[in-house]
Amino acid sequence: MSSLPLQIKRVGVPPIKCQGIKTKLVPFILSQIQWQVQPHSIWIEPFLGSGVVAFNLQPERALLTDTNQHIIAVYQAIQQQRITGAIAREFLICEGEKLSEIGATYYYQVRERFNRTGSPLDFLFLNRSCFNGLIRFNGDGRFNVPFCRKPQRFSQSYITKITNQVDWAARQMAGKDWEFRVAPWQEILQHAKSEDFVYLDPPYIGRHTDYYNAWDHLEAEKLAAVTKTLPSGFAASMWLENQYRKNLHVQTCWSELEMRVCHHFYHVGSKEIWRGEIAEALLIKPGYATNELKIEDLRLKIED
Ligand SMILES: C[S@@+](CC[C@H](N)C(=O)[O-])C[C@H]1O[C@@H](n2cnc3c(N)ncnc32)[C@H](O)[C@@H]1O
C-alpha cells in the first residue's frame, strides 16, 4: 500500500471526465502529502468526480463518494465487472455507428433514454460525446448537456482509448477494499479516524449550480469548519488566484494550514497556446505536508 508522498511519473486517466478534473495536478497533489499508512487506514475522498486522484494512488482501503449517483454507478459497475473494457467496446461500437449514421438526433435519443433509465453505459456514451465533457443536470436531475456536434465522435481509436481507460480503472481497484458510495460530504467525514486521510476537492464556489453541484459560500464555509475538526490527516484542493482575481475563501476559511501552490496552465486546442495561468493550492493539515516541491517536474503533458 502506498504511503505518501508518491512520485508519480505517468498519470493514468480514468474513463469519466468532469469539471475540475485533477489529471494534471495528480503528481503535485500526491507529492505534497505525507501520510504513513497503518493496516486499517482508509483514503477518504468525498468529492470523487472522475476519481483520478484515488485511481493513481491505489490505496489498499478507500471510501470514494460523491453526490452524483451516475458517476458512482459507473465505478460500481466496473468494480462488479458489469462494465468491462470489452463490454464498453461493444456498446460504443454499436452506439457510435448509430451516431455516425443518424447524427445529433441520435445523441439526443440516448440522452432521453439515459434520463429515463439511468444506464451507466449510456452515461459513459454521453460523457464522452457531449459538449466539452461536461457533467450537468437540470433542477429535475435530468442530464442536459448538448452534443459535441461530431457525429464521427466514436472513431476506432477513441473507442480503444475509452476501453483502455475502463480496463485501467478496473485494474487499479482489483483486489482492493474500495467502497463507492452516493453520499453528501457531511455523512462521509463522520467516518474519518486518526489513521485515515481525507482528500477534498469540492466544486468551485458559485461556478456550478446544477442538480449535483449546488455549492455556495455557506456550504464551503461549513466544509472548512468541519474539516478542521477532523481527527485524521486531510488536504483540500482550492483554486488560489488567476490573473484577474484571488479566491478570498482560501484566506478567510483555510488559514492556519500548510499551503502548497502549483501554477497550472490552461491551453486551447492541440497547439500549446497558453490561455491563462491559475494558481492551484493544496491546503494540508499541519504535520501532513512534505517539504519538497519541484514545480518544473509537475508541468507534465497529459492526454485525456
Ligand atoms: C471538482 S469535482 C471533483 C473532481 C475530482 N477531484 C477529479 O479530479 O475528477 C467536485 C465533485 O463534487 C461532487 N459534489 C458536489 N456537491 C457535493 C456534496 N454536497 N457532497 C459530495 N459531493 C459533492 C460533484 O458531483 C463533483 O463530482
# chains A, B, ... in the order shown; residues from 1 in each chain; ligands from 1
call {"tool": "residues_near_ligand", "arguments": {"ligand": "ligand 1", "cutoff": "8 Å", "atoms": "only C-alpha atoms and all ligand atoms", "output": "PyMOL selection string"}}
result
chain A and resi 17-23+46-53+65-68+71+183-186+200-204+212-215+219
call {"tool": "write_last_selection", "arguments": {"atoms": "N, CA and C atoms", "output": "short mmCIF file (atom, residue, chain, number, x, y, z; two decimals), in the first residue's frame"}}
result
data_model
loop_
_atom_site.label_atom_id
_atom_site.label_comp_id
_atom_site.auth_asym_id
_atom_site.auth_seq_id
_atom_site.Cartn_x
_atom_site.Cartn_y
_atom_site.Cartn_z
N LYS A 17 -15.02 11.86 -17.41
CA LYS A 17 -14.49 13.24 -17.37
C LYS A 17 -15.44 14.10 -16.54
N CYS A 18 -14.90 15.11 -15.86
CA CYS A 18 -15.80 16.02 -15.16
C CYS A 18 -15.13 17.39 -15.01
N GLN A 19 -15.93 18.39 -14.70
CA GLN A 19 -15.40 19.72 -14.47
C GLN A 19 -14.42 19.65 -13.30
N GLY A 20 -13.33 20.36 -13.40
CA GLY A 20 -12.39 20.41 -12.29
C GLY A 20 -11.58 19.14 -12.12
N ILE A 21 -11.51 18.31 -13.16
CA ILE A 21 -10.76 17.05 -13.08
C ILE A 21 -9.27 17.36 -12.80
N LYS A 22 -8.66 16.59 -11.92
CA LYS A 22 -7.32 16.92 -11.45
C LYS A 22 -6.22 16.14 -12.15
N THR A 23 -6.48 15.64 -13.35
CA THR A 23 -5.48 14.82 -14.05
C THR A 23 -4.09 15.46 -14.03
N PRO A 46 -14.49 12.44 -0.47
CA PRO A 46 -15.93 12.70 -0.52
C PRO A 46 -16.40 13.45 -1.76
N PHE A 47 -15.47 13.95 -2.60
CA PHE A 47 -15.85 14.64 -3.84
C PHE A 47 -15.11 13.92 -4.97
N LEU A 48 -15.52 12.70 -5.22
CA LEU A 48 -14.73 11.81 -6.07
C LEU A 48 -14.57 12.29 -7.51
N GLY A 49 -15.64 12.81 -8.12
CA GLY A 49 -15.56 13.21 -9.53
C GLY A 49 -15.09 12.04 -10.38
N SER A 50 -14.10 12.31 -11.23
CA SER A 50 -13.58 11.26 -12.12
C SER A 50 -12.83 10.17 -11.35
N GLY A 51 -12.39 10.48 -10.15
CA GLY A 51 -11.64 9.51 -9.35
C GLY A 51 -10.16 9.46 -9.67
N VAL A 52 -9.68 10.42 -10.48
CA VAL A 52 -8.29 10.33 -10.97
C VAL A 52 -7.24 10.31 -9.84
N VAL A 53 -7.53 10.98 -8.74
CA VAL A 53 -6.54 11.02 -7.65
C VAL A 53 -6.45 9.65 -6.97
N THR A 65 -16.65 8.66 -2.58
CA THR A 65 -18.07 9.03 -2.60
C THR A 65 -18.30 10.35 -3.34
N ASP A 66 -19.54 10.53 -3.72
CA ASP A 66 -19.94 11.72 -4.47
C ASP A 66 -21.46 11.77 -4.40
N THR A 67 -22.02 12.96 -4.52
CA THR A 67 -23.49 13.03 -4.56
C THR A 67 -24.01 12.63 -5.94
N ASN A 68 -23.14 12.63 -6.94
CA ASN A 68 -23.59 12.28 -8.29
C ASN A 68 -23.68 10.76 -8.43
N ILE A 71 -21.97 8.94 -11.59
CA ILE A 71 -20.53 8.67 -11.55
C ILE A 71 -20.29 7.41 -10.71
N ALA A 183 -23.22 9.77 -1.52
CA ALA A 183 -23.45 10.40 -0.21
C ALA A 183 -22.97 11.85 -0.24
N PRO A 184 -23.59 12.71 0.57
CA PRO A 184 -23.07 14.07 0.72
C PRO A 184 -21.85 14.06 1.64
N TRP A 185 -21.00 15.04 1.50
CA TRP A 185 -19.72 15.06 2.22
C TRP A 185 -19.90 14.97 3.74
N GLN A 186 -20.97 15.61 4.28
CA GLN A 186 -21.16 15.63 5.75
C GLN A 186 -21.22 14.22 6.33
N LEU A 200 -10.01 16.38 -0.17
CA LEU A 200 -11.22 17.13 -0.53
C LEU A 200 -11.01 17.94 -1.80
N ASP A 201 -11.94 17.80 -2.71
CA ASP A 201 -11.88 18.60 -3.93
C ASP A 201 -13.30 19.08 -4.26
N PRO A 202 -13.82 20.02 -3.46
CA PRO A 202 -15.20 20.47 -3.66
C PRO A 202 -15.33 21.29 -4.95
N PRO A 203 -16.57 21.48 -5.42
CA PRO A 203 -16.77 22.33 -6.61
C PRO A 203 -16.32 23.76 -6.32
N TYR A 204 -16.04 24.51 -7.39
CA TYR A 204 -15.72 25.93 -7.23
C TYR A 204 -16.97 26.65 -6.74
N TYR A 212 -26.37 18.38 -8.98
CA TYR A 212 -25.42 17.70 -8.09
C TYR A 212 -24.35 18.64 -7.56
N ASN A 213 -24.34 19.87 -8.00
CA ASN A 213 -23.21 20.75 -7.71
C ASN A 213 -23.60 22.09 -7.11
N ALA A 214 -24.67 22.13 -6.35
CA ALA A 214 -25.07 23.40 -5.75
C ALA A 214 -24.06 23.72 -4.65
N TRP A 215 -23.12 24.56 -4.94
CA TRP A 215 -22.03 24.81 -4.00
C TRP A 215 -21.90 26.31 -3.79
N GLU A 219 -22.04 26.56 2.15
CA GLU A 219 -21.63 25.14 2.09
C GLU A 219 -20.10 25.05 2.22
#
call {"tool": "residues_around", "arguments": {"residues": "Cys148 (chain A)", "least_positions_apart": "4", "cutoff": "6 Å", "atoms": "only C-alpha atoms", "output": "PyMOL selection string"}}
result
chain A and resi 129-131
call {"tool": "residues_around", "arguments": {"residues": "Asn164 (chain A)", "least_positions_apart": "6", "cutoff": "10 Å", "atoms": "only C-alpha atoms", "output": "list in words"}}
result
Val13, Pro14, Pro15, Thr84, Gly85, Ala86, Ala88, Arg89, Tyr158 and Ala170 of chain A
call {"tool": "residues_around", "arguments": {"residues": "Arg136 (chain A)", "least_positions_apart": "5", "cutoff": "9 Å", "atoms": "only C-alpha atoms", "output": "short mmCIF file (atom, residue, chain, number, x, y, z; two decimals) with N, CA, C and O atoms, in the first residue's frame"}}
result
data_model
loop_
_atom_site.label_atom_id
_atom_site.label_comp_id
_atom_site.auth_asym_id
_atom_site.auth_seq_id
_atom_site.Cartn_x
_atom_site.Cartn_y
_atom_site.Cartn_z
N GLY A 141 -32.88 16.95 -12.15
CA GLY A 141 -31.92 15.83 -12.16
C GLY A 141 -31.78 15.21 -13.54
O GLY A 141 -31.32 14.07 -13.66
N ARG A 142 -32.14 15.95 -14.60
CA ARG A 142 -32.00 15.41 -15.96
C ARG A 142 -30.73 15.95 -16.60
O ARG A 142 -30.48 17.16 -16.58
N PHE A 143 -29.95 15.03 -17.19
CA PHE A 143 -28.72 15.41 -17.88
C PHE A 143 -29.08 16.31 -19.06
O PHE A 143 -29.95 15.95 -19.86
N ASN A 144 -28.45 17.48 -19.16
CA ASN A 144 -28.90 18.42 -20.20
C ASN A 144 -27.76 19.02 -21.03
O ASN A 144 -27.91 20.08 -21.62
N VAL A 145 -26.62 18.33 -21.07
CA VAL A 145 -25.50 18.88 -21.86
C VAL A 145 -25.74 18.57 -23.34
O VAL A 145 -26.10 17.45 -23.70
N HIS A 208 -20.66 26.17 -10.46
CA HIS A 208 -21.58 25.15 -10.96
C HIS A 208 -22.81 25.17 -10.07
O HIS A 208 -22.70 25.03 -8.87
N THR A 209 -23.93 25.33 -10.68
CA THR A 209 -25.12 25.43 -9.85
C THR A 209 -26.14 24.39 -10.30
O THR A 209 -27.33 24.64 -10.26
N ASP A 210 -25.67 23.25 -10.74
CA ASP A 210 -26.63 22.26 -11.21
C ASP A 210 -27.08 21.34 -10.09
O ASP A 210 -26.70 21.50 -8.92
N TYR A 211 -27.88 20.36 -10.46
CA TYR A 211 -28.52 19.45 -9.51
C TYR A 211 -27.54 18.82 -8.50
O TYR A 211 -27.83 18.74 -7.32
N TYR A 212 -26.37 18.38 -8.98
CA TYR A 212 -25.42 17.70 -8.09
C TYR A 212 -24.35 18.64 -7.56
O TYR A 212 -23.49 18.23 -6.81
N ASN A 213 -24.34 19.87 -8.00
CA ASN A 213 -23.21 20.75 -7.71
C ASN A 213 -23.60 22.09 -7.11
O ASN A 213 -22.95 23.09 -7.37
#
call {"tool": "residues_around", "arguments": {"residues": "region 115-123 of chain A", "least_positions_apart": "2", "cutoff": "7 Å", "atoms": "only C-alpha atoms", "output": "CSV table (one decimal) with all heavy atoms, in the first residue's frame"}}
result
chain,number,residue,atom,x,y,z
A,70,HIS,N,-24.6,9.0,-10.8
A,70,HIS,CA,-24.3,8.4,-12.1
A,70,HIS,C,-22.8,8.1,-12.2
A,70,HIS,O,-22.4,7.1,-12.8
A,70,HIS,CB,-24.7,9.3,-13.2
A,70,HIS,CG,-26.2,9.5,-13.1
A,70,HIS,ND1,-27.1,8.6,-13.4
A,70,HIS,CD2,-26.9,10.7,-12.8
A,70,HIS,CE1,-28.4,9.1,-13.2
A,70,HIS,NE2,-28.2,10.3,-12.8
A,73,ALA,N,-22.3,5.0,-10.0
A,73,ALA,CA,-22.9,3.8,-10.7
A,73,ALA,C,-21.9,3.3,-11.7
A,73,ALA,O,-21.8,2.0,-11.8
A,73,ALA,CB,-24.2,4.2,-11.3
A,74,VAL,N,-21.2,4.1,-12.4
A,74,VAL,CA,-20.2,3.6,-13.4
A,74,VAL,C,-19.1,2.9,-12.7
A,74,VAL,O,-18.8,1.8,-13.1
A,74,VAL,CB,-19.6,4.8,-14.3
A,74,VAL,CG1,-18.4,4.3,-15.1
A,74,VAL,CG2,-20.7,5.4,-15.2
A,110,VAL,N,-30.3,9.1,-27.1
A,110,VAL,CA,-29.6,8.4,-26.0
A,110,VAL,C,-29.7,9.2,-24.7
A,110,VAL,O,-29.9,8.6,-23.6
A,110,VAL,CB,-28.1,8.1,-26.3
A,110,VAL,CG1,-27.3,7.5,-25.1
A,110,VAL,CG2,-27.9,7.3,-27.6
A,111,ARG,N,-29.7,10.5,-24.8
A,111,ARG,CA,-29.8,11.4,-23.6
A,111,ARG,C,-31.2,11.2,-23.0
A,111,ARG,O,-31.3,11.0,-21.8
A,111,ARG,CB,-29.6,12.8,-24.0
A,111,ARG,CG,-29.3,13.7,-22.9
A,111,ARG,CD,-29.0,15.1,-23.3
A,111,ARG,NE,-30.2,15.9,-23.6
A,111,ARG,CZ,-30.2,17.2,-23.9
A,111,ARG,NH1,-29.1,17.9,-23.8
A,111,ARG,NH2,-31.3,17.8,-24.2
A,112,GLU,N,-32.2,11.1,-23.8
A,112,GLU,CA,-33.6,10.8,-23.4
A,112,GLU,C,-33.7,9.5,-22.7
A,112,GLU,O,-34.2,9.3,-21.6
A,112,GLU,CB,-34.5,10.9,-24.6
A,112,GLU,CG,-36.0,10.9,-24.3
A,112,GLU,CD,-36.4,12.0,-23.3
A,112,GLU,OE1,-35.8,13.1,-23.3
A,112,GLU,OE2,-37.2,11.6,-22.4
A,113,ARG,N,-33.1,8.5,-23.3
A,113,ARG,CA,-33.1,7.1,-22.7
A,113,ARG,C,-32.4,7.1,-21.4
A,113,ARG,O,-32.9,6.5,-20.4
A,113,ARG,CB,-32.4,6.2,-23.7
A,113,ARG,CG,-32.4,4.7,-23.3
A,113,ARG,CD,-31.8,3.9,-24.5
A,113,ARG,NE,-30.4,4.0,-24.6
A,113,ARG,CZ,-29.7,3.6,-25.7
A,113,ARG,NH1,-30.3,3.1,-26.7
A,113,ARG,NH2,-28.4,3.7,-25.7
A,125,PHE,N,-21.4,6.9,-22.6
A,125,PHE,CA,-21.5,7.4,-24.0
A,125,PHE,C,-21.7,8.9,-24.0
A,125,PHE,O,-21.1,9.6,-24.8
A,125,PHE,CB,-22.7,6.7,-24.6
A,125,PHE,CG,-23.2,7.2,-26.0
A,125,PHE,CD1,-22.7,6.6,-27.2
A,125,PHE,CD2,-24.0,8.3,-26.1
A,125,PHE,CE1,-23.1,7.1,-28.4
A,125,PHE,CE2,-24.4,8.8,-27.4
A,125,PHE,CZ,-23.9,8.1,-28.5
A,126,LEU,N,-22.6,9.4,-23.2
A,126,LEU,CA,-22.9,10.8,-23.2
A,126,LEU,C,-21.7,11.6,-22.7
A,126,LEU,O,-21.4,12.7,-23.2
A,126,LEU,CB,-24.1,11.1,-22.3
A,126,LEU,CG,-25.5,10.5,-22.8
A,126,LEU,CD1,-26.5,10.6,-21.6
A,126,LEU,CD2,-25.9,11.2,-24.0
A,127,ASN,N,-21.1,11.1,-21.6
A,127,ASN,CA,-19.9,11.8,-21.0
A,127,ASN,C,-18.8,12.0,-22.1
A,127,ASN,O,-18.1,13.0,-22.0
A,127,ASN,CB,-19.5,11.0,-19.8
A,127,ASN,CG,-18.3,11.7,-19.1
A,127,ASN,OD1,-17.2,11.2,-19.0
A,127,ASN,ND2,-18.6,12.9,-18.5
A,142,ARG,N,-32.1,15.9,-14.6
A,142,ARG,CA,-32.0,15.4,-16.0
A,142,ARG,C,-30.7,15.9,-16.6
A,142,ARG,O,-30.5,17.2,-16.6
A,142,ARG,CB,-33.2,15.8,-16.8
A,142,ARG,CG,-34.5,15.1,-16.4
A,142,ARG,CD,-35.7,15.6,-17.1
A,142,ARG,NE,-35.7,15.4,-18.5
A,142,ARG,CZ,-36.1,14.3,-19.1
A,142,ARG,NH1,-36.5,13.3,-18.4
A,142,ARG,NH2,-36.0,14.1,-20.4
A,143,PHE,N,-30.0,15.0,-17.2
A,143,PHE,CA,-28.7,15.4,-17.9
A,143,PHE,C,-29.1,16.3,-19.1
A,143,PHE,O,-30.0,15.9,-19.9
A,143,PHE,CB,-28.0,14.1,-18.4
A,143,PHE,CG,-26.7,14.4,-19.0
A,143,PHE,CD1,-25.5,14.6,-18.2
A,143,PHE,CD2,-26.5,14.3,-20.4
A,143,PHE,CE1,-24.3,14.9,-18.7
A,143,PHE,CE2,-25.2,14.6,-20.9
A,143,PHE,CZ,-24.1,14.8,-20.1
call {"tool": "atom_distance", "arguments": {"atom1": "CA of Ala169 (chain A)", "atom2": "CA of Arg10 (chain A)"}}
result
14.6 Å
call {"tool": "residues_around", "arguments": {"residues": "Gly175 (chain A)", "least_positions_apart": "6", "cutoff": "12 Å", "atoms": "only C-alpha atoms", "output": "PyMOL selection string"}}
result
chain A and resi 1+58-62+79-80
call {"tool": "atom_distance", "arguments": {"atom1": "CA of Ser194 (chain A)", "atom2": "CA of His217 (chain A)"}}
result
27.9 Å
call {"tool": "atom_distance", "arguments": {"atom1": "CA of Pro151 (chain A)", "atom2": "CA of Val166 (chain A)"}}
result
22.4 Å
call {"tool": "select_by_dssp", "arguments": {"residues": "region 172-202 of chain A", "states": "alpha helix (DSSP H)", "output": "PyMOL selection string"}}
result
chain A and resi 172-173+185-189
call {"tool": "write_last_selection", "arguments": {"atoms": "N, CA and C atoms", "output": "short mmCIF file (atom, residue, chain, number, x, y, z; two decimals), in the first residue's frame"}}
result
data_model
loop_
_atom_site.label_atom_id
_atom_site.label_comp_id
_atom_site.auth_asym_id
_atom_site.auth_seq_id
_atom_site.Cartn_x
_atom_site.Cartn_y
_atom_site.Cartn_z
N GLN A 172 -6.87 -0.88 -11.34
CA GLN A 172 -6.46 -0.11 -10.16
C GLN A 172 -7.25 -0.53 -8.92
N MET A 173 -8.53 -0.91 -9.13
CA MET A 173 -9.36 -1.25 -7.96
C MET A 173 -9.40 -2.75 -7.68
N TRP A 185 -21.00 15.04 1.50
CA TRP A 185 -19.72 15.06 2.22
C TRP A 185 -19.90 14.97 3.74
N GLN A 186 -20.97 15.61 4.28
CA GLN A 186 -21.16 15.63 5.75
C GLN A 186 -21.22 14.22 6.33
N GLU A 187 -21.92 13.36 5.58
CA GLU A 187 -22.10 11.98 6.04
C GLU A 187 -20.76 11.24 6.05
N ILE A 188 -19.94 11.52 5.06
CA ILE A 188 -18.69 10.76 4.89
C ILE A 188 -17.62 11.21 5.88
N LEU A 189 -17.55 12.52 6.15
CA LEU A 189 -16.49 12.98 7.06
C LEU A 189 -16.64 12.42 8.46
#
call {"tool": "closest_residue", "arguments": {"among": "A:Leu230, A:Ile102, A:Ile93, A:Ala289", "to": "Thr160 (chain A)", "atoms": "only C-alpha atoms"}}
result
A:Ile93
call {"tool": "residues_around", "arguments": {"residues": "Val26 (chain A)", "least_positions_apart": "2", "cutoff": "9 Å", "atoms": "only C-alpha atoms", "output": "number ranges by chain"}}
result
A: 8, 11, 22-24, 28-31, 52-53, 56-57, 298
call {"tool": "closest_residue", "arguments": {"among": "A:His40, A:Arg260, A:Arg149, A:Lys176", "to": "Trp239 (chain A)", "atoms": "only C-alpha atoms"}}
result
A:Arg260
